[in-house]
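Working notes for the structure below.
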Amino acid sequence: MRRRRGTLAAGPLAAVSMALMALPAAWTQPPRLVLSGVLSPLARPPSSLGRGLTGGATRSAAELQRDLDYEMSRNLEKDAKIAKLQEQLEAVTAARQTIRDPKLTTVLAGVVVQTDSSMWRRTFVIDAGSTRGIRQGQPVLWHNHLIGFVGVVGPWSSRVALITDPKVVVGAMAVARATSGGSLPGRDLCVLEGTGGAMASLKWASADATAGDGATVVTSPDPHRGIPEGLLLGRVTGVSRVRGPFACPQVQPFVDIRGVDSVLVLVRVDP
Amino acid sequence: MKSYGSLRLLAIGAAALVLEMTLLADVAWAGARPDLLVSLVAFAALFAAEPSPALASAWALGLLRDLATAGPLGQYALIYLVIGWTITGLRPVLFREHPFTQAAVGGIAAGIAGLASAACTSAFTGGVPLGMCLVRSGSSAAVTALLAPFLITLLARVRFLVR
């Protein structure tokens, strides 16, 4: 029987694909992260693109007016920059209030690409890499919210897995809302796992857990991974009672990465 | 005879990927984004004069998507290659000019790509809930089925884009 022509090309390409899949991520991710950095100009506001086109002072009224408009626009730009710096300062202050360990410091990084091309992964790329002390597994914060962990590190950029990414697992505590009776709010120790969707889920919460709808989920301390206690993760938005001894609460993260343009990477400073 | 230039198709694929990850990043229906690249794979497989360029284009388009994800390199290349290979195999029984055919091919291809990539993600990183996997793959298939006829017709008619 004569073989179809297409099968000749498909075999080697499939073999190459599988060989690529077998390569360690530490080899394949850095070149991809460099390519992701190429997208950074697209992430900037369009207004900044025309900045280099203006200039050249002349004395005519029309041009003076144009210069004035330009200076006013630069003032607005500076105002926006000051507001951004203030926001970053507030973020660092909020993070420092939660992180008591003096050995932990933060590195500010900008968000370059906010999405992953796979619809099952929840990752984003930041503009800080190994040259700035970023290492795999370091927690990534926004204010006092834990939003993810550094997944893969390149020289100048890194890919961060959000807490909703299927790869992320973190120790968590669900703190129930205070009751009107004045009793202390209950705390349930469990594990937060990403699902690849908009929400994460809490695993190993016992079926008689007191933290139900509306409970706040925070991190439980994990010194080995450098995760301090009490960083905000999200809010319980529903509890599915499956068969068995464990409930399965769904957690909606507080922070939507689409509204974040800079994050803090928690770095341990060893003396 | 080649009916389109593979390099031009790749350039369009790169532009489509950038579009997906920037302007269309927030456009999602039930968590599923339209899969523009799979429509290009369908176009490559439906309109190639010979199977080999179609398979090469499908593989390269998959590799493009791999460049922008945290998953293993080669995952989408393999998935798109299998999709391209299947479509080229089915070409004798497909009426490629009909929009319904293009919608069906695009939708089914997107659904299969979604399910296969979910299986890969579950295998390599962590479990994706089955319900979410089915709903999101279905949504992606539906959205891509709506878009595919427009994209394929555009590429087939506006020849300077791909020749």
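Ligands are numbered from 1 in the order shown, chains are lettered A, B, ... in the order of the structure tokens, and residues start at 1 in each chain.
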
Compute the chain B side of the contact with chain A at 8 Å, counting only C-alpha atoms, and hand it back as number ranges by chain. B: 17-18, 20-22, 25, 31-33, 50-52, 55-56, 59, 65-75, 77-78, 81-82, 85, 88, 114, 117-118, 121-122, 125-129, 132

Export of prior selection with C-alpha atoms as a PDB file, in the first residue's frame:
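Listing of out_38.pdb after writing:
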```
ATOM      1  CA  LEU B  17      -0.769  35.843  19.163  1.00  0.00           C
ATOM      2  CA  VAL B  18       0.261  39.358  20.183  1.00  0.00           C
ATOM      3  CA  GLU B  20      -4.630  37.596  21.713  1.00  0.00           C
ATOM      4  CA  MET B  21      -2.294  38.457  24.572  1.00  0.00           C
ATOM      5  CA  THR B  22      -2.772  42.226  24.554  1.00  0.00           C
ATOM      6  CA  ALA B  25      -6.594  39.354  26.708  1.00  0.00           C
ATOM      7  CA  GLY B  31     -13.037  31.903  30.780  1.00  0.00           C
ATOM      8  CA  ALA B  32     -12.221  30.894  27.201  1.00  0.00           C
ATOM      9  CA  ARG B  33     -10.406  33.132  24.766  1.00  0.00           C
ATOM     10  CA  GLU B  50       0.452  19.672  -0.415  1.00  0.00           C
ATOM     11  CA  PRO B  51       0.315  18.262   3.108  1.00  0.00           C
ATOM     12  CA  SER B  52       3.944  18.938   4.054  1.00  0.00           C
ATOM     13  CA  LEU B  55       2.023  20.303   8.672  1.00  0.00           C
ATOM     14  CA  ALA B  56       5.123  22.491   8.948  1.00  0.00           C
ATOM     15  CA  TRP B  59       3.775  22.805  13.913  1.00  0.00           C
ATOM     16  CA  ARG B  65       2.064  29.603  21.156  1.00  0.00           C
ATOM     17  CA  ASP B  66       4.506  27.566  23.220  1.00  0.00           C
ATOM     18  CA  LEU B  67       6.851  30.547  23.344  1.00  0.00           C
ATOM     19  CA  ALA B  68       4.376  32.541  25.421  1.00  0.00           C
ATOM     20  CA  THR B  69       3.240  29.973  27.943  1.00  0.00           C
ATOM     21  CA  ALA B  70       4.642  28.475  31.125  1.00  0.00           C
ATOM     22  CA  GLY B  71       3.908  24.960  29.873  1.00  0.00           C
ATOM     23  CA  PRO B  72       6.477  22.635  28.319  1.00  0.00           C
ATOM     24  CA  LEU B  73       7.958  23.711  24.989  1.00  0.00           C
ATOM     25  CA  GLY B  74       6.538  21.632  22.141  1.00  0.00           C
ATOM     26  CA  GLN B  75       3.158  20.927  23.754  1.00  0.00           C
ATOM     27  CA  ALA B  77       3.387  22.271  18.507  1.00  0.00           C
ATOM     28  CA  LEU B  78       2.446  18.618  18.886  1.00  0.00           C
ATOM     29  CA  LEU B  81       0.540  19.195  14.297  1.00  0.00           C
ATOM     30  CA  VAL B  82      -1.944  16.412  15.046  1.00  0.00           C
ATOM     31  CA  TRP B  85      -2.483  16.229  10.058  1.00  0.00           C
ATOM     32  CA  THR B  88      -5.228  17.348   5.727  1.00  0.00           C
ATOM     33  CA  GLY B 114      -8.453  22.854  24.491  1.00  0.00           C
ATOM     34  CA  SER B 117      -3.805  21.140  26.340  1.00  0.00           C
ATOM     35  CA  ALA B 118      -5.859  20.698  29.526  1.00  0.00           C
ATOM     36  CA  THR B 121      -1.455  20.846  31.900  1.00  0.00           C
ATOM     37  CA  SER B 122      -2.958  18.303  34.295  1.00  0.00           C
ATOM     38  CA  THR B 125       1.602  20.814  36.526  1.00  0.00           C
ATOM     39  CA  GLY B 126      -1.578  20.084  38.435  1.00  0.00           C
ATOM     40  CA  GLY B 127      -5.154  19.032  38.078  1.00  0.00           C
ATOM     41  CA  VAL B 128      -7.564  21.144  36.074  1.00  0.00           C
ATOM     42  CA  PRO B 129     -11.147  20.450  37.283  1.00  0.00           C
ATOM     43  CA  MET B 132     -14.090  23.657  34.010  1.00  0.00           C
TER      44      MET B 132
END
```

As number ranges by chain, please: every residue in chain B that DSSP puts in helix (DSSP H, G or I). B: 6-21, 36-47, 51-67, 75-93, 99-124, 130-157, 159-161

Would you put the residues from that selection into a file with C-alpha atoms, as a compact mmCIF listing (two decimals), in the first residue's frame?
```txt
# COMPACT_ATOMS: atom_id res chain seq x y z
CA SER B 6 4.38 29.67 5.11
CA LEU B 7 6.54 32.50 6.40
CA ARG B 8 3.81 35.07 5.82
CA LEU B 9 1.35 32.81 7.56
CA LEU B 10 3.74 32.58 10.50
CA ALA B 11 4.05 36.36 10.60
CA ILE B 12 0.26 36.60 10.70
CA GLY B 13 0.30 33.98 13.45
CA ALA B 14 2.75 36.05 15.48
CA ALA B 15 0.57 39.13 15.04
CA ALA B 16 -2.52 37.11 16.04
CA LEU B 17 -0.77 35.84 19.16
CA VAL B 18 0.26 39.36 20.18
CA LEU B 19 -3.33 40.47 19.56
CA GLU B 20 -4.63 37.60 21.71
CA MET B 21 -2.29 38.46 24.57
CA LEU B 36 -6.94 32.61 16.56
CA LEU B 37 -3.96 30.37 15.90
CA VAL B 38 -6.05 27.24 15.54
CA SER B 39 -8.05 29.02 12.83
CA LEU B 40 -4.77 29.66 11.04
CA VAL B 41 -3.88 25.98 11.40
CA ALA B 42 -7.26 25.12 9.86
CA PHE B 43 -6.60 27.55 7.01
CA ALA B 44 -3.12 26.09 6.43
CA ALA B 45 -4.45 22.54 6.37
CA LEU B 46 -7.48 23.32 4.21
CA PHE B 47 -5.77 25.47 1.58
CA PRO B 51 0.31 18.26 3.11
CA SER B 52 3.94 18.94 4.05
CA PRO B 53 3.81 22.77 4.12
CA ALA B 54 0.50 22.54 6.01
CA LEU B 55 2.02 20.30 8.67
CA ALA B 56 5.12 22.49 8.95
CA SER B 57 2.94 25.60 9.32
CA ALA B 58 0.74 23.92 11.95
CA TRP B 59 3.77 22.81 13.91
CA ALA B 60 5.42 26.23 13.72
CA LEU B 61 2.20 27.98 14.79
CA GLY B 62 2.02 25.67 17.79
CA LEU B 63 5.61 26.43 18.65
CA LEU B 64 4.75 30.15 18.52
CA ARG B 65 2.06 29.60 21.16
CA ASP B 66 4.51 27.57 23.22
CA LEU B 67 6.85 30.55 23.34
CA GLN B 75 3.16 20.93 23.75
CA TYR B 76 1.07 23.10 21.42
CA ALA B 77 3.39 22.27 18.51
CA LEU B 78 2.45 18.62 18.89
CA ILE B 79 -1.25 19.34 19.40
CA TYR B 80 -1.48 21.65 16.38
CA LEU B 81 0.54 19.20 14.30
CA VAL B 82 -1.94 16.41 15.05
CA ILE B 83 -4.84 18.76 14.25
CA GLY B 84 -3.21 19.83 10.97
CA TRP B 85 -2.48 16.23 10.06
CA THR B 86 -6.08 15.21 10.75
CA ILE B 87 -7.52 18.06 8.67
CA THR B 88 -5.23 17.35 5.73
CA GLY B 89 -6.30 13.71 5.94
CA LEU B 90 -9.96 14.70 5.87
CA ARG B 91 -9.60 17.20 3.03
CA PRO B 92 -10.96 14.90 0.29
CA VAL B 93 -14.31 14.81 2.08
CA PRO B 99 -18.35 28.81 5.76
CA PHE B 100 -20.11 26.05 7.68
CA THR B 101 -17.24 23.67 6.96
CA GLN B 102 -14.75 26.31 8.09
CA ALA B 103 -16.75 26.97 11.27
CA ALA B 104 -17.03 23.26 12.03
CA VAL B 105 -13.36 22.59 11.37
CA GLY B 106 -12.27 25.64 13.44
CA GLY B 107 -14.64 24.83 16.30
CA ILE B 108 -13.80 21.14 16.52
CA ALA B 109 -10.09 21.88 16.22
CA ALA B 110 -10.29 24.47 19.02
CA GLY B 111 -12.25 22.05 21.21
CA ILE B 112 -9.70 19.29 20.67
CA ALA B 113 -6.80 21.71 21.24
CA GLY B 114 -8.45 22.85 24.49
CA LEU B 115 -9.02 19.34 25.81
CA ALA B 116 -5.56 18.13 24.79
CA SER B 117 -3.80 21.14 26.34
CA ALA B 118 -5.86 20.70 29.53
CA ALA B 119 -4.74 17.07 29.68
CA CYS B 120 -1.11 18.16 29.20
CA THR B 121 -1.46 20.85 31.90
CA SER B 122 -2.96 18.30 34.29
CA ALA B 123 -0.14 15.89 33.55
CA PHE B 124 2.73 18.36 33.83
CA LEU B 130 -13.00 18.33 34.74
CA GLY B 131 -16.10 20.53 34.69
CA MET B 132 -14.09 23.66 34.01
CA CYS B 133 -12.09 21.83 31.37
CA LEU B 134 -15.23 20.79 29.47
CA VAL B 135 -16.99 24.14 29.79
CA ARG B 136 -13.96 26.17 28.79
CA SER B 137 -13.03 23.92 25.87
CA GLY B 138 -16.64 24.07 24.68
CA SER B 139 -16.70 27.86 24.96
CA SER B 140 -13.40 28.18 23.14
CA ALA B 141 -14.73 25.88 20.40
CA ALA B 142 -17.91 27.95 20.06
CA VAL B 143 -16.10 31.29 19.91
CA THR B 144 -13.50 29.97 17.48
CA ALA B 145 -16.23 28.43 15.30
CA LEU B 146 -17.80 31.87 15.02
CA LEU B 147 -14.50 33.55 14.15
CA ALA B 148 -12.95 30.90 11.91
CA PRO B 149 -15.07 31.48 8.75
CA PHE B 150 -14.27 35.21 8.83
CA LEU B 151 -10.55 34.67 9.36
CA ILE B 152 -10.25 31.86 6.81
CA THR B 153 -12.30 33.73 4.20
CA LEU B 154 -10.20 36.84 4.79
CA LEU B 155 -6.97 34.91 4.29
CA ALA B 156 -8.33 33.06 1.26
CA ARG B 157 -9.64 36.22 -0.43
CA ARG B 159 -4.19 37.02 -1.17
CA PHE B 160 -1.43 39.53 -0.59
CA LEU B 161 -1.61 38.70 3.12
```

Would you kindly return, as a list in words, each protein, DNA or RNA residue with an atom no farther than 7 Å from any atom of Ile147 (chain A), considering only C-alpha atoms and excluding same-chain residues fewer than 2 positions away?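 Result of the neighbour search: Val140, Leu141, Trp142, His145, Leu162 and Ile163 of chain A.
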
Store the residues picked out above in a file with all heavy atoms, as a tab-separated table (two decimals), in the first residue's frame.
```tsv
chain	number	residue	atom	x	y	z
A	140	VAL	N	5.46	36.45	45.51
A	140	VAL	CA	5.25	37.74	44.84
A	140	VAL	C	4.03	38.41	45.47
A	140	VAL	O	2.97	37.79	45.59
A	140	VAL	CB	5.05	37.54	43.31
A	140	VAL	CG1	4.80	38.86	42.63
A	140	VAL	CG2	6.26	36.85	42.71
A	141	LEU	N	4.22	39.66	45.89
A	141	LEU	CA	3.16	40.36	46.63
A	141	LEU	C	2.68	41.59	45.87
A	141	LEU	O	3.39	42.15	45.05
A	141	LEU	CB	3.68	40.84	47.99
A	141	LEU	CG	4.52	39.92	48.85
A	141	LEU	CD1	4.90	40.64	50.14
A	141	LEU	CD2	3.77	38.67	49.17
A	142	TRP	N	1.49	42.00	46.23
A	142	TRP	CA	0.98	43.33	45.87
A	142	TRP	C	0.38	43.88	47.16
A	142	TRP	O	-0.57	43.29	47.68
A	142	TRP	CB	-0.07	43.24	44.78
A	142	TRP	CG	-0.56	44.59	44.34
A	142	TRP	CD1	0.05	45.46	43.50
A	142	TRP	CD2	-1.78	45.22	44.74
A	142	TRP	NE1	-0.69	46.59	43.36
A	142	TRP	CE2	-1.82	46.47	44.11
A	142	TRP	CE3	-2.82	44.86	45.59
A	142	TRP	CZ2	-2.87	47.36	44.29
A	142	TRP	CZ3	-3.87	45.74	45.77
A	142	TRP	CH2	-3.88	46.97	45.11
A	145	HIS	N	-0.91	41.46	49.87
A	145	HIS	CA	-1.59	40.32	49.25
A	145	HIS	C	-0.55	39.42	48.61
A	145	HIS	O	0.32	39.91	47.88
A	145	HIS	CB	-2.55	40.78	48.16
A	145	HIS	CG	-3.65	41.67	48.65
A	145	HIS	ND1	-4.94	41.23	48.80
A	145	HIS	CD2	-3.65	42.96	49.04
A	145	HIS	CE1	-5.68	42.22	49.24
A	145	HIS	NE2	-4.93	43.29	49.40
A	162	LEU	N	0.42	32.73	39.19
A	162	LEU	CA	-0.57	33.30	40.12
A	162	LEU	C	-1.08	32.21	41.07
A	162	LEU	O	-0.93	31.02	40.78
A	162	LEU	CB	-1.75	33.87	39.34
A	162	LEU	CG	-1.52	35.19	38.61
A	162	LEU	CD1	-2.65	35.44	37.62
A	162	LEU	CD2	-1.44	36.33	39.60
A	163	ILE	N	-1.71	32.62	42.16
A	163	ILE	CA	-2.22	31.61	43.10
A	163	ILE	C	-3.36	30.79	42.50
A	163	ILE	O	-3.73	29.76	43.06
A	163	ILE	CB	-2.67	32.25	44.44
A	163	ILE	CG1	-3.70	33.34	44.22
A	163	ILE	CG2	-1.48	32.75	45.24
A	163	ILE	CD1	-4.34	33.85	45.50
```
